[in-house]
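Visitor: A single structure is presented below for examination.
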Amino acid sequence: MRYTSLLLFFFLFVSGVTISAQTNTTDNDTTAIQDTPQLDFAFPKQYTIADIKVIGAEQYEDFTLIGFSGLSIGQKITLPSPPGVEITQAVKKFWEQSMFSQVSIDYSKITNDSVWLNINLRMRPKVSEVNFEGLKKNEVDDLKLRIGIEKDKQITPNMADRAKIEIKRYLDEKGFANADINIYQKDDPAIPNQVIVDVNVDKKEKTKVRKIIVYGNENLTDVQIDKAMKKTNDNKIQNIFRSKKFIQEEYENDKISVVELYNQHGFRDAYIVSDSIVQVDAKSVDVHITVEEGDKYYFGDITWIGNTLYPYEYLNEKLGIKKGDIYNHKLLMDRLNTDEDAIMKDYQNYGYLFSQVLPVEASIENDTINYELRLHEGKPATINEIHIKGNTRVYENVVRRELFTKPGKLYSQQDIIRSLQYLAQMQHFDQEKLYKDISNGIHPNEDNGTVDITYQLETKSSDQIEFSAGWGAAGLVGSVGLKFTNFAIQNLFRPEAYRFVPQGEGQTFTIDARTNGNYYSSFSLSFLEPWLGGKRPNSLSMGLYYSAASGMSSRYLESLSNMYSGYGYSPYGYGGMYGGRYGGMYNNSYETEVDKNKYFRTLGGSIGYGKRLKWPDTYFTFYGELAYQRYMISNWYQYETNVTNGVFNNFSVNLTLGRNSTDNPLFTRYGSAFSLGLQFTPPYSLLNNGKIKGKSYSDPTLSDADRYKWIEYHKWKFSAKTFTPLMAIDKTPVLMTRAEFAYVGHYNQNARTPFGTYMFGGDGMTGYGGYANEYVSMRGYETGRLTPIEYDKNGVAVRQIGYLYNKFTLELRYPISLEQSATIWALGFLEAGNSFNKIADYNPFNLKRAAGVGVRIVLPMFGLMGIDWGYGFDPQVNESKAHGSQFHFVIGKEL
């Protein structure tokens, strides 16, 4: 009787579960087969499926859903279905997709051993609209990507819970620790089986830290601990520029930082005993932290084990930690592994990629910790294969020739960095992505002692095109410029290699033309082959250029000279300069006053050869150039060159020694660039014994056309730039420093060149008025207005001319965008410099000062552009008060 009762109870239990599974169609259903009197629950039986129908889920084809269920016509199934077989498994499959809010399987007919099944499905609703309340637009944009609730996508019951968690985490990061978040969904009356989701947020006040109270700190001050907490800061004066928001996750990280700070000061056993967050009011908290400092420890003996490549004396000196130094585990690990000159990087640069060091505390004696540094040098790793991925712009050999890593060569981390620097300087690839995840491209195989290296590149176009029109000194000026940085002269007769021009070899071809019609026109052409012959990084460069400018009529010049006579200069001296350089700005009839008998024409060409050096290191380069310019002048303005008529020849040799270790030619973060240049002509006055046509150079009757027929000079220039990142992040502020010094010397005082001198001040852009001078920028002042004035023997101003200058710049740059489409950074600068007429006048402390701000943008097709505002604190030449505010536009080159 007892066993009969238990058996009856079991059958009733199974029957009850089955019935409830059929009738209860909530999200927790896990089985279903409709019970009818035709089924005998005491004795399950096999049936053959005669037909299957799908009811609901009209969005999908029936055969797709039937196939997914695992059931098929002709299949034998057991009814009622025990857990784990046929019907139960089919229901579980549908539930696991999270696509359905109701799932059941029943039958409509049973005949003998056949059964007709119905799969009853109800799709979960889709989201027709998501509404956010209480959030800003940028916050909504950020959260849409995080919460997973999207329009036209299905919504599941737990998605709202996940969305709350994500919104909570997001607002916590912004300091809204007390935010209330509610998510509601309601049926969309306009669209069946779709819902509207409302996300309502009450952010409340930001939670800020009012006070941080530290207990137990006897050896570190509150200020030191406060500095270690990067993200959790109170309102003390030293935190004026730091965030005061309280974010729990950042607070946990800051507690770890406090312990690490103690460790760095020798307190190896320091820990936080307790901490608490006390709510002061709705928007502020106090943070209480209790520390246990423990004892202070010192480094003892440091013993090297396993070193065969380097002697322990070298390793100890490289490590830089001595017995008796305060114990600092972070310093030890940095010197071993992390620093730029870390010991393990020395090993890796010599091929020992598999080398490892294990620091072991050998013993602790009182407050002294003795270390064993156990080295596993391993075998040197040889480079097996080099893979180039993502290059769709230049021929692969053009990329490979820039690499310092070669198959069969010993692995070197430094060689990889140098390779990336040269790839960046090619400007064919996204420089910002070159340095990311370098380690992901290194694939070592310790079993056979080899390593494969993959360079992951992202191609970008660096060709530039310029079409512009502007109003300049000569009136309306139009210009067109084309720069192709992937030119291939070898493919000139291969049409299949053309993309407008033949491309693929990484050569640079530039063509530039500008004109305003009557007054001014110029044309230039240049070509650069960076790998002459294709086997060595020896460059060949060539250039041709021609410019022609016409002068103004005497009538027009005289009228403008009278306008500026208040400056106190001779009518055709400084006043003439205003007429020549700026007259077009003041009279729209300028073009009708062009005098074709007044002109300044320049024809020139150059050919240069460059070479990368291996000594003192591979960052050094040498460049040599032969250049020729021919100046053809007729009735020109004296202020420009101090000569008015004649044909003058300038044949020079230019030698430049440079070193460039910068990481990125666009937004540079670290490295330096130095150059020392010497440009010189033959010393004609020495070769002809100081006479021309029987006359001495000092003879006042010697014409300028004869005196300067062959121009002579020696020109020296030194330039240095350094870049220092201020933070260890991609978007780090960068401190740039620059120093320049240049001098134009002479072989004979009476043959002192009037060409190739310096016009100092302003934006450094040549413009259309200076044809034989070098314009040097000095922000905060007008173009050329810091150039000294040269006077004749009678004290009359003759011209502005500078034979030497020095300049110093301190610039803080902050990147705004480092995307391939546009590189943008803001800057603030301090600048000082001056120009002098002769070396006897040179005073390194007589400097014009300026400060200001600016912005730069680099667009792939247009190059560098920008605008600066500077304030000049000192007067310009022949002025008595500070110059004040000045704007500068930047096109194509840095100031």
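To be explicit about the labels: the chains of the structure tokens are called A, B, and onward in the order shown, and within each one the residues are counted from 1, while ligands get numbers from 1 in the order they are shown.
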Using the chain letters and numbers from this document, which residues of range 246-311 of chain A does DSSP assign to strand (DSSP E or B), as a PyMOL selection string?
Guide: chain A and resi 271-281+284-292+298-305
Visitor: Got a sec to tell me which of range 234-341 of chain A DSSP assigns to alpha helix (DSSP H), as a ChimeraX atom specification?
Guide: /A:248-264,312-319,329-333
Visitor: Just to confirm, what's the straight-line distance from CA of Asp463 in chain A to CA of Glu819 in chain A in Å (one decimal)?
Guide: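 Interatomic distance, CA of Asp463 in chain A to CA of Glu819 in chain A: 16.9 Å.
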Visitor: If we count only C-alpha atoms, what is near Asp62 in chain A at a cut-off of 10 Å, once residues fewer than 5 positions away on the same chain are taken out, given as an MDAnalysis selection string?
Guide: chainID A and resid 52:57 67:68 119
Visitor: Quick one: write out the picked residues with C-alpha atoms as a PDB file, in the first residue's frame?
Guide:
ATOM      1  CA  ILE A  52       4.641  20.312 -37.387  1.00  0.00           C
ATOM      2  CA  LYS A  53       3.073  23.754 -37.462  1.00  0.00           C
ATOM      3  CA  VAL A  54       4.468  27.042 -36.122  1.00  0.00           C
ATOM      4  CA  ILE A  55       2.028  29.446 -34.509  1.00  0.00           C
ATOM      5  CA  GLY A  56       3.322  32.991 -34.004  1.00  0.00           C
ATOM      6  CA  ALA A  57       6.764  34.412 -34.899  1.00  0.00           C
ATOM      7  CA  GLY A  67      14.786  23.133 -38.314  1.00  0.00           C
ATOM      8  CA  PHE A  68      16.096  25.063 -35.354  1.00  0.00           C
ATOM      9  CA  ILE A 119       5.182  25.067 -31.869  1.00  0.00           C
TER      10      ILE A 119
END
Visitor: Any idea what's packed within 6 Å of range 512-518 of chain A, counting only C-alpha atoms, ignoring anything in its chain fewer than 3 positions away? Could you give it as a PDB file with N, CA, C and O atoms, in the first residue's frame?
Guide:
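Result file follows (part_27.pdb):
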ATOM      1  N   LEU A 476      45.353  91.121 -56.054  1.00  0.00           N
ATOM      2  CA  LEU A 476      44.827  89.760 -56.048  1.00  0.00           C
ATOM      3  C   LEU A 476      45.890  88.792 -56.555  1.00  0.00           C
ATOM      4  O   LEU A 476      46.424  88.949 -57.657  1.00  0.00           O
ATOM      5  N   VAL A 477      46.191  87.774 -55.733  1.00  0.00           N
ATOM      6  CA  VAL A 477      47.214  86.790 -56.076  1.00  0.00           C
ATOM      7  C   VAL A 477      46.582  85.412 -56.098  1.00  0.00           C
ATOM      8  O   VAL A 477      45.926  85.005 -55.140  1.00  0.00           O
ATOM      9  N   GLY A 478      46.768  84.698 -57.191  1.00  0.00           N
ATOM     10  CA  GLY A 478      46.285  83.327 -57.303  1.00  0.00           C
ATOM     11  C   GLY A 478      47.453  82.369 -57.323  1.00  0.00           C
ATOM     12  O   GLY A 478      48.533  82.685 -57.843  1.00  0.00           O
ATOM     13  N   SER A 479      47.251  81.191 -56.745  1.00  0.00           N
ATOM     14  CA  SER A 479      48.341  80.218 -56.711  1.00  0.00           C
ATOM     15  C   SER A 479      47.795  78.811 -56.858  1.00  0.00           C
ATOM     16  O   SER A 479      46.641  78.535 -56.499  1.00  0.00           O
ATOM     17  N   VAL A 480      48.614  77.946 -57.401  1.00  0.00           N
ATOM     18  CA  VAL A 480      48.289  76.534 -57.495  1.00  0.00           C
ATOM     19  C   VAL A 480      49.551  75.754 -57.152  1.00  0.00           C
ATOM     20  O   VAL A 480      50.643  76.104 -57.594  1.00  0.00           O
ATOM     21  N   GLY A 481      49.400  74.737 -56.332  1.00  0.00           N
ATOM     22  CA  GLY A 481      50.536  73.918 -55.945  1.00  0.00           C
ATOM     23  C   GLY A 481      50.149  72.458 -55.852  1.00  0.00           C
ATOM     24  O   GLY A 481      49.058  72.120 -55.386  1.00  0.00           O
ATOM     25  N   SER A 521      54.829  87.020 -60.686  1.00  0.00           N
ATOM     26  CA  SER A 521      54.604  85.623 -61.058  1.00  0.00           C
ATOM     27  C   SER A 521      55.823  84.819 -60.647  1.00  0.00           C
ATOM     28  O   SER A 521      56.952  85.335 -60.626  1.00  0.00           O
ATOM     29  N   SER A 522      55.590  83.562 -60.320  1.00  0.00           N
ATOM     30  CA  SER A 522      56.704  82.679 -59.949  1.00  0.00           C
ATOM     31  C   SER A 522      56.345  81.257 -60.308  1.00  0.00           C
ATOM     32  O   SER A 522      55.166  80.880 -60.401  1.00  0.00           O
ATOM     33  N   PHE A 523      57.388  80.455 -60.484  1.00  0.00           N
ATOM     34  CA  PHE A 523      57.207  79.049 -60.829  1.00  0.00           C
ATOM     35  C   PHE A 523      58.362  78.266 -60.219  1.00  0.00           C
ATOM     36  O   PHE A 523      59.518  78.704 -60.265  1.00  0.00           O
ATOM     37  N   SER A 524      58.045  77.134 -59.616  1.00  0.00           N
ATOM     38  CA  SER A 524      59.101  76.290 -59.047  1.00  0.00           C
ATOM     39  C   SER A 524      58.792  74.830 -59.294  1.00  0.00           C
ATOM     40  O   SER A 524      57.615  74.429 -59.375  1.00  0.00           O
TER      41      SER A 524
END
Visitor: If we count only C-alpha atoms, what is near range 340-350 of chain A at a cut-off of 12 Å, once residues fewer than 5 positions away on the same chain are taken out, given as a PyMOL selection string?
Guide: chain A and resi 307-310+312+314-320+331-335+355-358+373+375-382+405+409-418
Visitor: Would you list the contacts of range 183-197 of chain A as a VMD selection string, taking every protein, DNA or RNA residue within 7 Å and counting only C-alpha atoms, but skipping same-chain residues closer than 3 positions in sequence?
Guide: chain A and resid 125 to 131 160 200
Visitor: What is the distance, in Å and to one decimal place, between CA of Gln629 in chain A and CA of Ile891 in chain A?
Guide: 25.1 Å
Visitor: Report, in Å to a single decimal, how far apart CA of Ala705 in chain A and CA of Gly802 in chain A are.
Guide: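 Here the two named atoms are 21.5 Å from each other.
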Visitor: Using only C-alpha atoms, which protein or nucleic acid residues come within 10 Å of Val259 in chain A? Drop anything in the same chain fewer than 3 positions from it, and give the result as an NGL selection string.
Guide: :A and (225 or 228 or 254-256 or 262-264 or 267-272 or 291-293)
Visitor: Using only C-alpha atoms, which residue out of A:Asp699, A:Arg499, A:Tyr637, A:Asn158 lies closest to Ser553 in chain A?
Guide: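 Under the stated criterion, the closest residue is A:Tyr637.
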